[in-house]
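Novice: This is the content of query-v9.pdb (PDB, C-alpha atoms and all ligand atoms):
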ATOM      1  CA  MET A 832       2.248  24.574 -13.882  1.00  0.00           C
ATOM      2  CA  ALA A 833      -1.106  22.994 -14.689  1.00  0.00           C
ATOM      3  CA  GLN A 834      -1.008  19.239 -15.162  1.00  0.00           C
ATOM      4  CA  THR A 835      -3.689  16.602 -15.612  1.00  0.00           C
ATOM      5  CA  LEU A 836      -3.423  13.568 -13.331  1.00  0.00           C
ATOM      6  CA  ARG A 837      -5.467  10.372 -13.536  1.00  0.00           C
ATOM      7  CA  VAL A 838      -6.166   9.218  -9.999  1.00  0.00           C
ATOM      8  CA  ASN A 839      -8.473   6.294  -9.216  1.00  0.00           C
ATOM      9  CA  GLY A 840     -10.140   6.578 -12.610  1.00  0.00           C
ATOM     10  CA  HIS A 841     -10.798  10.322 -12.436  1.00  0.00           C
ATOM     11  CA  GLU A 842      -8.937  13.191 -14.057  1.00  0.00           C
ATOM     12  CA  HIS A 843      -7.697  16.057 -11.881  1.00  0.00           C
ATOM     13  CA  VAL A 844      -6.159  19.273 -13.208  1.00  0.00           C
ATOM     14  CA  VAL A 845      -3.623  20.401 -10.622  1.00  0.00           C
ATOM     15  CA  ASP A 846      -1.629  23.643 -10.681  1.00  0.00           C
ATOM     16  CA  VAL A 847       1.590  22.910  -8.796  1.00  0.00           C
ATOM     17  CA  GLU A 848       5.339  23.031  -9.357  1.00  0.00           C
ATOM     18  CA  GLY A 849       6.492  19.999 -11.339  1.00  0.00           C
ATOM     19  CA  SER A 850       8.952  19.094  -8.558  1.00  0.00           C
ATOM     20  CA  THR A 851       6.153  18.791  -5.973  1.00  0.00           C
ATOM     21  CA  PRO A 852       6.042  15.221  -4.616  1.00  0.00           C
ATOM     22  CA  LEU A 853       3.017  13.251  -5.801  1.00  0.00           C
ATOM     23  CA  LEU A 854       2.106  12.617  -2.141  1.00  0.00           C
ATOM     24  CA  TRP A 855       1.575  16.347  -1.475  1.00  0.00           C
ATOM     25  CA  VAL A 856      -0.686  16.579  -4.516  1.00  0.00           C
ATOM     26  CA  ILE A 857      -2.737  13.529  -3.546  1.00  0.00           C
ATOM     27  CA  ARG A 858      -3.215  14.691   0.046  1.00  0.00           C
ATOM     28  CA  ASP A 859      -3.180  18.512  -0.052  1.00  0.00           C
ATOM     29  CA  VAL A 860      -4.509  19.359  -3.522  1.00  0.00           C
ATOM     30  CA  ILE A 861      -6.854  16.468  -4.358  1.00  0.00           C
ATOM     31  CA  GLY A 862      -7.767  15.875  -0.721  1.00  0.00           C
ATOM     32  CA  MET A 863      -7.301  12.112  -0.458  1.00  0.00           C
ATOM     33  CA  THR A 864      -5.701  11.534   2.926  1.00  0.00           C
ATOM     34  CA  GLY A 865      -5.612   7.732   3.016  1.00  0.00           C
ATOM     35  CA  THR A 866      -2.009   7.772   1.777  1.00  0.00           C
ATOM     36  CA  LYS A 867       0.313   8.681   4.654  1.00  0.00           C
ATOM     37  CA  PHE A 868       3.479  10.742   5.092  1.00  0.00           C
ATOM     38  CA  SER A 869       6.103   9.375   7.436  1.00  0.00           C
ATOM     39  CA  CYS A 870       9.834   9.449   6.609  1.00  0.00           C
ATOM     40  CA  GLY A 871       9.623  11.527   3.420  1.00  0.00           C
ATOM     41  CA  ILE A 872      12.805   9.907   2.055  1.00  0.00           C
ATOM     42  CA  ALA A 873      11.569   6.637   0.476  1.00  0.00           C
ATOM     43  CA  GLN A 874      12.583   4.536   3.484  1.00  0.00           C
ATOM     44  CA  CYS A 875       9.346   3.472   5.212  1.00  0.00           C
ATOM     45  CA  GLY A 876       6.717   2.748   2.533  1.00  0.00           C
ATOM     46  CA  ALA A 877       3.867   4.601   4.283  1.00  0.00           C
ATOM     47  CA  CYS A 878       3.261   6.726   1.166  1.00  0.00           C
ATOM     48  CA  THR A 879       3.056   3.820  -1.305  1.00  0.00           C
ATOM     49  CA  VAL A 880       0.639   4.207  -4.227  1.00  0.00           C
ATOM     50  CA  HIS A 881       0.481   2.440  -7.586  1.00  0.00           C
ATOM     51  CA  LEU A 882       1.492   3.847 -10.969  1.00  0.00           C
ATOM     52  CA  ASP A 883      -0.057   1.595 -13.616  1.00  0.00           C
ATOM     53  CA  GLY A 884      -0.228  -1.128 -10.954  1.00  0.00           C
ATOM     54  CA  ASN A 885       3.369  -0.854  -9.759  1.00  0.00           C
ATOM     55  CA  PRO A 886       4.110   0.312  -6.207  1.00  0.00           C
ATOM     56  CA  VAL A 887       6.005   3.608  -5.912  1.00  0.00           C
ATOM     57  CA  ARG A 888       7.008   5.881  -3.024  1.00  0.00           C
ATOM     58  CA  SER A 889       4.941   8.991  -3.642  1.00  0.00           C
ATOM     59  CA  CYS A 890       6.882  11.104  -1.107  1.00  0.00           C
ATOM     60  CA  VAL A 891       9.875  11.337  -3.463  1.00  0.00           C
ATOM     61  CA  LEU A 892       8.143  11.132  -6.855  1.00  0.00           C
ATOM     62  CA  PRO A 893       7.925  14.507  -8.630  1.00  0.00           C
ATOM     63  CA  VAL A 894       4.413  14.985  -9.930  1.00  0.00           C
ATOM     64  CA  SER A 895       5.834  15.989 -13.319  1.00  0.00           C
ATOM     65  CA  SER A 896       7.161  12.437 -13.779  1.00  0.00           C
ATOM     66  CA  VAL A 897       3.733  10.775 -13.486  1.00  0.00           C
ATOM     67  CA  GLY A 898       2.664  11.634 -17.018  1.00  0.00           C
ATOM     68  CA  ASN A 899      -0.300   9.661 -18.339  1.00  0.00           C
ATOM     69  CA  ARG A 900       0.127   6.777 -15.933  1.00  0.00           C
ATOM     70  CA  GLU A 901      -2.833   5.809 -13.760  1.00  0.00           C
ATOM     71  CA  VAL A 902      -2.385   6.590 -10.068  1.00  0.00           C
ATOM     72  CA  THR A 903      -4.200   4.226  -7.703  1.00  0.00           C
ATOM     73  CA  THR A 904      -4.439   4.988  -3.998  1.00  0.00           C
ATOM     74  CA  ILE A 905      -5.746   3.105  -0.979  1.00  0.00           C
ATOM     75  CA  GLU A 906      -9.146   4.740  -1.536  1.00  0.00           C
ATOM     76  CA  ALA A 907      -9.676   2.680  -4.727  1.00  0.00           C
ATOM     77  CA  ILE A 908      -7.559  -0.438  -4.265  1.00  0.00           C
ATOM     78  CA  GLY A 909     -10.583  -2.444  -3.071  1.00  0.00           C
ATOM     79  CA  ALA A 910     -12.064  -2.138  -6.562  1.00  0.00           C
ATOM     80  CA  THR A 911      -9.339  -4.431  -7.923  1.00  0.00           C
ATOM     81  CA  ASP A 912      -9.505  -8.208  -7.508  1.00  0.00           C
ATOM     82  CA  SER A 913      -6.180  -8.516  -5.690  1.00  0.00           C
ATOM     83  CA  GLY A 914      -6.866  -5.400  -3.596  1.00  0.00           C
ATOM     84  CA  LYS A 915     -10.247  -6.753  -2.481  1.00  0.00           C
ATOM     85  CA  ARG A 916      -8.743 -10.099  -1.476  1.00  0.00           C
ATOM     86  CA  ILE A 917      -5.945  -8.381   0.431  1.00  0.00           C
ATOM     87  CA  GLN A 918      -8.348  -6.073   2.267  1.00  0.00           C
ATOM     88  CA  ASP A 919     -10.679  -8.972   3.136  1.00  0.00           C
ATOM     89  CA  ALA A 920      -7.728 -10.974   4.469  1.00  0.00           C
ATOM     90  CA  TRP A 921      -6.478  -7.957   6.441  1.00  0.00           C
ATOM     91  CA  LEU A 922      -9.823  -7.849   8.228  1.00  0.00           C
ATOM     92  CA  ALA A 923     -10.016 -11.622   8.730  1.00  0.00           C
ATOM     93  CA  VAL A 924      -6.545 -11.745  10.282  1.00  0.00           C
ATOM     94  CA  ASP A 925      -7.088  -8.430  12.132  1.00  0.00           C
ATOM     95  CA  VAL A 926      -3.717  -7.119  10.995  1.00  0.00           C
ATOM     96  CA  VAL A 927      -4.025  -3.478  11.973  1.00  0.00           C
ATOM     97  CA  GLN A 928      -2.625  -2.085  15.209  1.00  0.00           C
ATOM     98  CA  CYS A 929      -2.219   1.740  15.194  1.00  0.00           C
ATOM     99  CA  GLY A 930      -2.908   1.718  11.448  1.00  0.00           C
ATOM    100  CA  TYR A 931      -0.481   4.397  10.319  1.00  0.00           C
ATOM    101  CA  CYS A 932       1.627   2.196   8.028  1.00  0.00           C
ATOM    102  CA  GLN A 933      -1.238   0.065   6.781  1.00  0.00           C
ATOM    103  CA  SER A 934      -2.245   1.932   3.620  1.00  0.00           C
ATOM    104  CA  GLY A 935       1.271   1.477   2.312  1.00  0.00           C
ATOM    105  CA  GLN A 936       1.408  -2.134   3.450  1.00  0.00           C
ATOM    106  CA  ILE A 937      -1.831  -2.958   1.627  1.00  0.00           C
ATOM    107  CA  MET A 938      -0.649  -1.235  -1.548  1.00  0.00           C
ATOM    108  CA  SER A 939       2.597  -3.230  -1.567  1.00  0.00           C
ATOM    109  CA  ALA A 940       0.793  -6.487  -0.722  1.00  0.00           C
ATOM    110  CA  THR A 941      -1.756  -5.938  -3.498  1.00  0.00           C
ATOM    111  CA  ALA A 942       0.962  -5.331  -6.072  1.00  0.00           C
ATOM    112  CA  LEU A 943       2.708  -8.519  -4.928  1.00  0.00           C
ATOM    113  CA  LEU A 944      -0.455 -10.629  -5.195  1.00  0.00           C
ATOM    114  CA  LYS A 945      -1.232  -9.306  -8.652  1.00  0.00           C
ATOM    115  CA  ARG A 946       2.315 -10.049  -9.844  1.00  0.00           C
ATOM    116  CA  THR A 947       2.753 -13.333  -7.927  1.00  0.00           C
ATOM    117  CA  PRO A 948      -0.622 -14.978  -7.172  1.00  0.00           C
ATOM    118  CA  ASN A 949       0.852 -17.630  -4.833  1.00  0.00           C
ATOM    119  CA  PRO A 950       3.893 -16.038  -3.188  1.00  0.00           C
ATOM    120  CA  THR A 951       6.391 -17.937  -1.083  1.00  0.00           C
ATOM    121  CA  ASP A 952       7.499 -16.564   2.274  1.00  0.00           C
ATOM    122  CA  ALA A 953      10.651 -15.322   0.541  1.00  0.00           C
ATOM    123  CA  ASP A 954       8.533 -13.544  -2.109  1.00  0.00           C
ATOM    124  CA  ILE A 955       6.493 -11.912   0.653  1.00  0.00           C
ATOM    125  CA  ASP A 956       9.559 -10.839   2.612  1.00  0.00           C
ATOM    126  CA  ALA A 957      11.188  -9.364  -0.508  1.00  0.00           C
ATOM    127  CA  ALA A 958       8.067  -7.494  -1.625  1.00  0.00           C
ATOM    128  CA  MET A 959       7.284  -6.148   1.854  1.00  0.00           C
ATOM    129  CA  SER A 960      10.822  -5.373   3.001  1.00  0.00           C
ATOM    130  CA  GLY A 961      10.472  -1.664   2.197  1.00  0.00           C
ATOM    131  CA  ASN A 962       7.355  -1.230   4.340  1.00  0.00           C
ATOM    132  CA  ILE A 963       8.166  -0.490   7.963  1.00  0.00           C
ATOM    133  CA  CYS A 964       5.668  -1.035  10.810  1.00  0.00           C
ATOM    134  CA  ARG A 965       6.566   0.504  14.146  1.00  0.00           C
ATOM    135  CA  CYS A 966       3.859  -1.627  15.779  1.00  0.00           C
ATOM    136  CA  ALA A 967       5.571  -4.757  14.374  1.00  0.00           C
ATOM    137  CA  THR A 968       2.515  -6.324  12.758  1.00  0.00           C
ATOM    138  CA  TYR A 969       4.765  -8.254  10.371  1.00  0.00           C
ATOM    139  CA  VAL A 970       3.593 -11.735  11.379  1.00  0.00           C
ATOM    140  CA  ARG A 971      -0.063 -10.854  10.778  1.00  0.00           C
ATOM    141  CA  ILE A 972       0.795  -9.091   7.506  1.00  0.00           C
ATOM    142  CA  ARG A 973       2.458 -12.260   6.208  1.00  0.00           C
ATOM    143  CA  ALA A 974      -0.447 -14.393   7.405  1.00  0.00           C
ATOM    144  CA  ALA A 975      -2.959 -12.091   5.664  1.00  0.00           C
ATOM    145  CA  ILE A 976      -1.053 -12.207   2.389  1.00  0.00           C
ATOM    146  CA  ARG A 977      -0.974 -16.000   2.538  1.00  0.00           C
ATOM    147  CA  GLN A 978      -4.691 -16.049   3.312  1.00  0.00           C
ATOM    148  CA  ALA A 979      -5.433 -13.745   0.361  1.00  0.00           C
ATOM    149  CA  ALA A 980      -3.395 -16.051  -1.882  1.00  0.00           C
ATOM    150  CA  THR A 981      -4.538 -19.448  -0.624  1.00  0.00           C
ATOM    151  CA  GLY A 982      -7.846 -18.781   1.099  1.00  0.00           C
ATOM    152  CA  LYS A 983      -6.514 -20.011   4.442  1.00  0.00           C
ATOM    153  CA  ILE A 984      -4.297 -18.574   7.131  1.00  0.00           C
ATOM    154  CA  VAL A 985      -0.755 -19.898   6.949  1.00  0.00           C
ATOM    155  CA  VAL A 986       1.259 -19.001  10.021  1.00  0.00           C
ATOM    156  CA  THR A 987       4.725 -17.874   8.970  1.00  0.00           C
ATOM    157  CA  GLN A 988       6.305 -18.032  12.424  1.00  0.00           C
ATOM    158  CA  ALA A 989       5.962 -20.462  15.281  1.00  0.00           C
ATOM    159  CA  ILE A 990       3.098 -18.763  17.123  1.00  0.00           C
ATOM    160  CA  PRO A 991      -0.329 -20.167  18.017  1.00  0.00           C
ATOM    161  CA  VAL A 992      -2.963 -19.645  15.306  1.00  0.00           C
ATOM    162  CA  ALA A 993      -5.241 -18.072  17.922  1.00  0.00           C
ATOM    163  CA  ALA A 994      -2.665 -15.352  18.531  1.00  0.00           C
ATOM    164  CA  ILE A 995      -2.999 -13.901  15.046  1.00  0.00           C
ATOM    165  CA  GLY A 996      -6.744 -13.439  15.363  1.00  0.00           C
ATOM    166  CA  GLY A 997      -6.511 -10.802  18.067  1.00  0.00           C
ATOM    167  CA  ARG A 998      -4.515  -7.714  18.805  1.00  0.00           C
ATOM    168  CA  LYS A 999      -1.542  -7.905  21.066  1.00  0.00           C
TER     169      LYS A 999
HETATM  170  S1  LIG B   1       6.891   8.583   3.622  1.00  0.00           S
HETATM  171 FE1  LIG B   1       7.447   7.853   1.666  1.00  0.00          FE
HETATM  172  S2  LIG B   1       8.676   6.116   2.072  1.00  0.00           S
HETATM  173 FE2  LIG B   1       8.322   6.996   4.022  1.00  0.00          FE
HETATM  174  S1  LIG B   2       0.224  -0.678  12.532  1.00  0.00           S
HETATM  175 FE1  LIG B   2       1.211   0.891  13.629  1.00  0.00          FE
HETATM  176  S2  LIG B   2       2.885   1.451  12.391  1.00  0.00           S
HETATM  177 FE2  LIG B   2       2.102  -0.318  11.467  1.00  0.00          FE
END
How does the structure come out when it is put into structure tokens?
Ligand code: FES
Ligand code: FES

Specialist:
Amino acid sequence: MAQTLRVNGHEHVVDVEGSTPLLWVIRDVIGMTGTKFSCGIAQCGACTVHLDGNPVRSCVLPVSSVGNREVTTIEAIGATDSGKRIQDAWLAVDVVQCGYCQSGQIMSATALLKRTPNPTDADIDAAMSGNICRCATYVRIRAAIRQAATGKIVVTQAIPVAAIGGRK
């Protein structure tokens, strides 16, 4: 079934079954591989993209349900104000370890910052609770979100500031 999708400001006509998960279409049909597959059952957050600015798990979202909503992926999130600040903070804090979960983490963090410009630790924990990181970069993720919000690193656990500037 042919369907028109708006992804990152561009229209794509895709000919796939309506039940095909949006993630397959983004990666295999359109060819954008920044969004990752991991659990495939909406449990890990690796596949997170935005639909009209709201984070969704693309591994379980039938492409037929997207409709006219704008899909934003990690490839274009830096063009938004909150996405740019999150990505800059991610680099400043050196969040990434293996990197596999990080597209999804950044998409969830960007949606949080747009919705809640100055999140509390509880806001951050709630918004990020569905994004799993097997490398356990959670402390640096929280620090980066606080930096994106406030302009300065705020350590969210009792660890030396120097420890969040380098990889473990
Ligand atoms: S791959 Fe979609 S939530 Fe894990
Ligand atoms: S950085 Fe490795 S899984 Fe998160």

Novice: Output as AutoDock Vina command-line options the centre and edge lengths (Å, one decimal) of the box along x, y and z of the file that holds every listed atom of ligand LIG 1 (chain B) after adding 6 Å on each side.

Specialist:
--center_x 7.8 --center_y 7.3 --center_z 2.8 --size_x 13.8 --size_y 14.5 --size_z 14.4

Novice: Do you know which residues the PyMOL selection byres (((not hetatm)) within 12 of (chain B and resi 2)) returns on this file, as number ranges by chain?

Specialist: A: 867-869, 875-877, 921, 925-937, 962-972, 998-999

Novice: Name the closest residue to ligand LIG 1 (chain B) among the candidates A:Val845, A:Ile872, A:Leu853, A:Val838; distances are taken between atoms, counting all atoms listed in the file.

Specialist: A:Ile872

Novice: Looking at A:Thr951, A:Val887, A:Asp956, A:Ser896, which one is nearest to ligand LIG 1 (chain B), with distances taken over all atoms listed in the file?

Specialist: A:Val887

Novice: Distance CA of Lys983 (chain A)-CA of Val880 (chain A), one decimal place?

Specialist: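 Atom-to-atom, CA of Lys983 (chain A) and CA of Val880 (chain A) are spaced 26.7 Å apart.
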
Novice: Let me make sure I understand: among A:Thr835, A:Asn885, A:Thr866, A:Asn949, which one has the smallest atom-to-atom distance to ligand LIG 1 (chain B) if we use only C-alpha atoms and all ligand atoms?

Specialist: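 Looking at the shortest contact to ligand LIG 1 (chain B), the residue is A:Thr866.
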
Novice: So the first atom is CA of Gly849 (chain A) and the second is CA of Ser895 (chain A); what is the distance between them in Å, to one decimal place?

Specialist: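 Taking CA of Gly849 (chain A) and CA of Ser895 (chain A), their separation equals 4.5 Å.
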
Novice: The PyMOL selection byres (((chain A and resi 976-980) around 10) and not hetatm) on the file shown: which residues, as a PyMOL selection string?

Specialist: chain A and resi 913-921+923-924+937+940-941+943-945+947-952+955+971-975+981-987

Novice: Interatomic distance between CA of Cys870 (chain A) and CA of Val856 (chain A)?

Specialist: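 For CA of Cys870 (chain A) relative to CA of Val856 (chain A), the distance reads 16.9 Å.
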
Novice: Which is closer to ligand LIG 1 (chain B) than all the others in A:Val860, A:Ala957, A:Leu892, A:Ala833, using all atoms listed in the file?

Specialist: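 The closest residue to ligand LIG 1 (chain B) is A:Leu892.
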
Novice: Running the PyMOL selection byres (((chain A and resi 842) around 12) and not hetatm) on this model by hand, what would come out? Give it as a PDB file with C-alpha atoms, keeping the file's coordinate frame.

Specialist:
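Heads up, here's the output in part.pdb:
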ATOM      1  CA  GLN A 834      -1.008  19.239 -15.162  1.00  0.00           C
ATOM      2  CA  THR A 835      -3.689  16.602 -15.612  1.00  0.00           C
ATOM      3  CA  LEU A 836      -3.423  13.568 -13.331  1.00  0.00           C
ATOM      4  CA  ARG A 837      -5.467  10.372 -13.536  1.00  0.00           C
ATOM      5  CA  VAL A 838      -6.166   9.218  -9.999  1.00  0.00           C
ATOM      6  CA  ASN A 839      -8.473   6.294  -9.216  1.00  0.00           C
ATOM      7  CA  GLY A 840     -10.140   6.578 -12.610  1.00  0.00           C
ATOM      8  CA  HIS A 841     -10.798  10.322 -12.436  1.00  0.00           C
ATOM      9  CA  HIS A 843      -7.697  16.057 -11.881  1.00  0.00           C
ATOM     10  CA  VAL A 844      -6.159  19.273 -13.208  1.00  0.00           C
ATOM     11  CA  VAL A 845      -3.623  20.401 -10.622  1.00  0.00           C
ATOM     12  CA  ILE A 861      -6.854  16.468  -4.358  1.00  0.00           C
ATOM     13  CA  ASN A 899      -0.300   9.661 -18.339  1.00  0.00           C
ATOM     14  CA  ARG A 900       0.127   6.777 -15.933  1.00  0.00           C
ATOM     15  CA  GLU A 901      -2.833   5.809 -13.760  1.00  0.00           C
ATOM     16  CA  VAL A 902      -2.385   6.590 -10.068  1.00  0.00           C
ATOM     17  CA  THR A 903      -4.200   4.226  -7.703  1.00  0.00           C
TER      18      THR A 903
END

Novice: Considering only C-alpha atoms and all ligand atoms, state which residue in the set A:Met938, A:Val897, A:Ala910, A:Cys878 is at the smallest distance from ligand LIG 1 (chain B).

Specialist: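 For ligand LIG 1 (chain B), the nearest of the candidates is A:Cys878.
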
Novice: Counting only C-alpha atoms, which of A:Gln874, A:Leu882, A:Cys890, A:Ile857 gets nearest to Glu906 (chain A)?

Specialist: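 Of the candidates, the smallest distance to Glu906 (chain A) is held by A:Ile857.
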
Novice: Using the structure block above, produce a file of region 859-877 of chain A that contains N, CA, C and O atoms, as a PDB file, in the first residue's frame.

Specialist:
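After the write, result_35.pdb holds the following:
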ATOM      1  N   ASP A 859      14.895   0.728   6.608  1.00  0.00           N
ATOM      2  CA  ASP A 859      15.093  -0.149   5.447  1.00  0.00           C
ATOM      3  C   ASP A 859      14.569   0.442   4.142  1.00  0.00           C
ATOM      4  O   ASP A 859      15.078   0.103   3.069  1.00  0.00           O
ATOM      5  N   VAL A 860      13.535   1.281   4.226  1.00  0.00           N
ATOM      6  CA  VAL A 860      12.955   1.838   2.996  1.00  0.00           C
ATOM      7  C   VAL A 860      13.542   3.220   2.718  1.00  0.00           C
ATOM      8  O   VAL A 860      14.027   3.494   1.627  1.00  0.00           O
ATOM      9  N   ILE A 861      13.527   4.090   3.728  1.00  0.00           N
ATOM     10  CA  ILE A 861      14.036   5.458   3.530  1.00  0.00           C
ATOM     11  C   ILE A 861      15.556   5.493   3.654  1.00  0.00           C
ATOM     12  O   ILE A 861      16.218   6.332   3.052  1.00  0.00           O
ATOM     13  N   GLY A 862      16.115   4.580   4.445  1.00  0.00           N
ATOM     14  CA  GLY A 862      17.570   4.481   4.516  1.00  0.00           C
ATOM     15  C   GLY A 862      18.226   5.326   5.579  1.00  0.00           C
ATOM     16  O   GLY A 862      19.431   5.576   5.524  1.00  0.00           O
ATOM     17  N   MET A 863      17.444   5.762   6.574  1.00  0.00           N
ATOM     18  CA  MET A 863      18.029   6.518   7.692  1.00  0.00           C
ATOM     19  C   MET A 863      18.297   5.536   8.829  1.00  0.00           C
ATOM     20  O   MET A 863      17.361   5.015   9.451  1.00  0.00           O
ATOM     21  N   THR A 864      19.557   5.304   9.121  1.00  0.00           N
ATOM     22  CA  THR A 864      19.904   4.250  10.076  1.00  0.00           C
ATOM     23  C   THR A 864      20.319   4.773  11.445  1.00  0.00           C
ATOM     24  O   THR A 864      20.802   4.011  12.282  1.00  0.00           O
ATOM     25  N   GLY A 865      20.112   6.071  11.683  1.00  0.00           N
ATOM     26  CA  GLY A 865      20.447   6.612  13.007  1.00  0.00           C
ATOM     27  C   GLY A 865      19.542   6.090  14.101  1.00  0.00           C
ATOM     28  O   GLY A 865      19.938   6.006  15.266  1.00  0.00           O
ATOM     29  N   THR A 866      18.305   5.747  13.766  1.00  0.00           N
ATOM     30  CA  THR A 866      17.361   5.199  14.738  1.00  0.00           C
ATOM     31  C   THR A 866      17.599   3.702  14.852  1.00  0.00           C
ATOM     32  O   THR A 866      17.667   3.005  13.835  1.00  0.00           O
ATOM     33  N   LYS A 867      17.737   3.207  16.082  1.00  0.00           N
ATOM     34  CA  LYS A 867      18.207   1.823  16.283  1.00  0.00           C
ATOM     35  C   LYS A 867      17.090   0.857  16.673  1.00  0.00           C
ATOM     36  O   LYS A 867      16.113   1.229  17.312  1.00  0.00           O
ATOM     37  N   PHE A 868      17.295  -0.403  16.295  1.00  0.00           N
ATOM     38  CA  PHE A 868      16.444  -1.517  16.737  1.00  0.00           C
ATOM     39  C   PHE A 868      17.163  -2.234  17.871  1.00  0.00           C
ATOM     40  O   PHE A 868      18.342  -2.539  17.774  1.00  0.00           O
ATOM     41  N   SER A 869      16.415  -2.497  18.936  1.00  0.00           N
ATOM     42  CA  SER A 869      16.999  -3.315  20.010  1.00  0.00           C
ATOM     43  C   SER A 869      15.983  -4.363  20.459  1.00  0.00           C
ATOM     44  O   SER A 869      15.969  -5.469  19.949  1.00  0.00           O
ATOM     45  N   CYS A 870      15.078  -4.005  21.383  1.00  0.00           N
ATOM     46  CA  CYS A 870      14.166  -5.035  21.913  1.00  0.00           C
ATOM     47  C   CYS A 870      13.038  -5.377  20.950  1.00  0.00           C
ATOM     48  O   CYS A 870      12.575  -6.515  20.907  1.00  0.00           O
ATOM     49  N   GLY A 871      12.543  -4.384  20.203  1.00  0.00           N
ATOM     50  CA  GLY A 871      11.438  -4.618  19.282  1.00  0.00           C
ATOM     51  C   GLY A 871      10.074  -4.733  19.948  1.00  0.00           C
ATOM     52  O   GLY A 871       9.081  -5.010  19.270  1.00  0.00           O
ATOM     53  N   ILE A 872       9.996  -4.514  21.256  1.00  0.00           N
ATOM     54  CA  ILE A 872       8.723  -4.657  21.973  1.00  0.00           C
ATOM     55  C   ILE A 872       8.443  -3.455  22.877  1.00  0.00           C
ATOM     56  O   ILE A 872       7.806  -3.580  23.914  1.00  0.00           O
ATOM     57  N   ALA A 873       8.922  -2.281  22.502  1.00  0.00           N
ATOM     58  CA  ALA A 873       8.617  -1.033  23.227  1.00  0.00           C
ATOM     59  C   ALA A 873       9.118  -1.035  24.667  1.00  0.00           C
ATOM     60  O   ALA A 873       8.503  -0.404  25.530  1.00  0.00           O
ATOM     61  N   GLN A 874      10.238  -1.716  24.920  1.00  0.00           N
ATOM     62  CA  GLN A 874      10.738  -1.794  26.295  1.00  0.00           C
ATOM     63  C   GLN A 874      12.044  -1.043  26.523  1.00  0.00           C
ATOM     64  O   GLN A 874      12.407  -0.774  27.669  1.00  0.00           O
ATOM     65  N   CYS A 875      12.794  -0.711  25.467  1.00  0.00           N
ATOM     66  CA  CYS A 875      14.146  -0.175  25.693  1.00  0.00           C
ATOM     67  C   CYS A 875      14.337   1.273  25.255  1.00  0.00           C
ATOM     68  O   CYS A 875      15.256   1.942  25.698  1.00  0.00           O
ATOM     69  N   GLY A 876      13.518   1.759  24.332  1.00  0.00           N
ATOM     70  CA  GLY A 876      13.611   3.151  23.887  1.00  0.00           C
ATOM     71  C   GLY A 876      14.638   3.424  22.805  1.00  0.00           C
ATOM     72  O   GLY A 876      14.753   4.567  22.345  1.00  0.00           O
ATOM     73  N   ALA A 877      15.371   2.413  22.345  1.00  0.00           N
ATOM     74  CA  ALA A 877      16.413   2.655  21.333  1.00  0.00           C
ATOM     75  C   ALA A 877      15.836   3.203  20.025  1.00  0.00           C
ATOM     76  O   ALA A 877      16.516   3.915  19.290  1.00  0.00           O
TER      77      ALA A 877
END
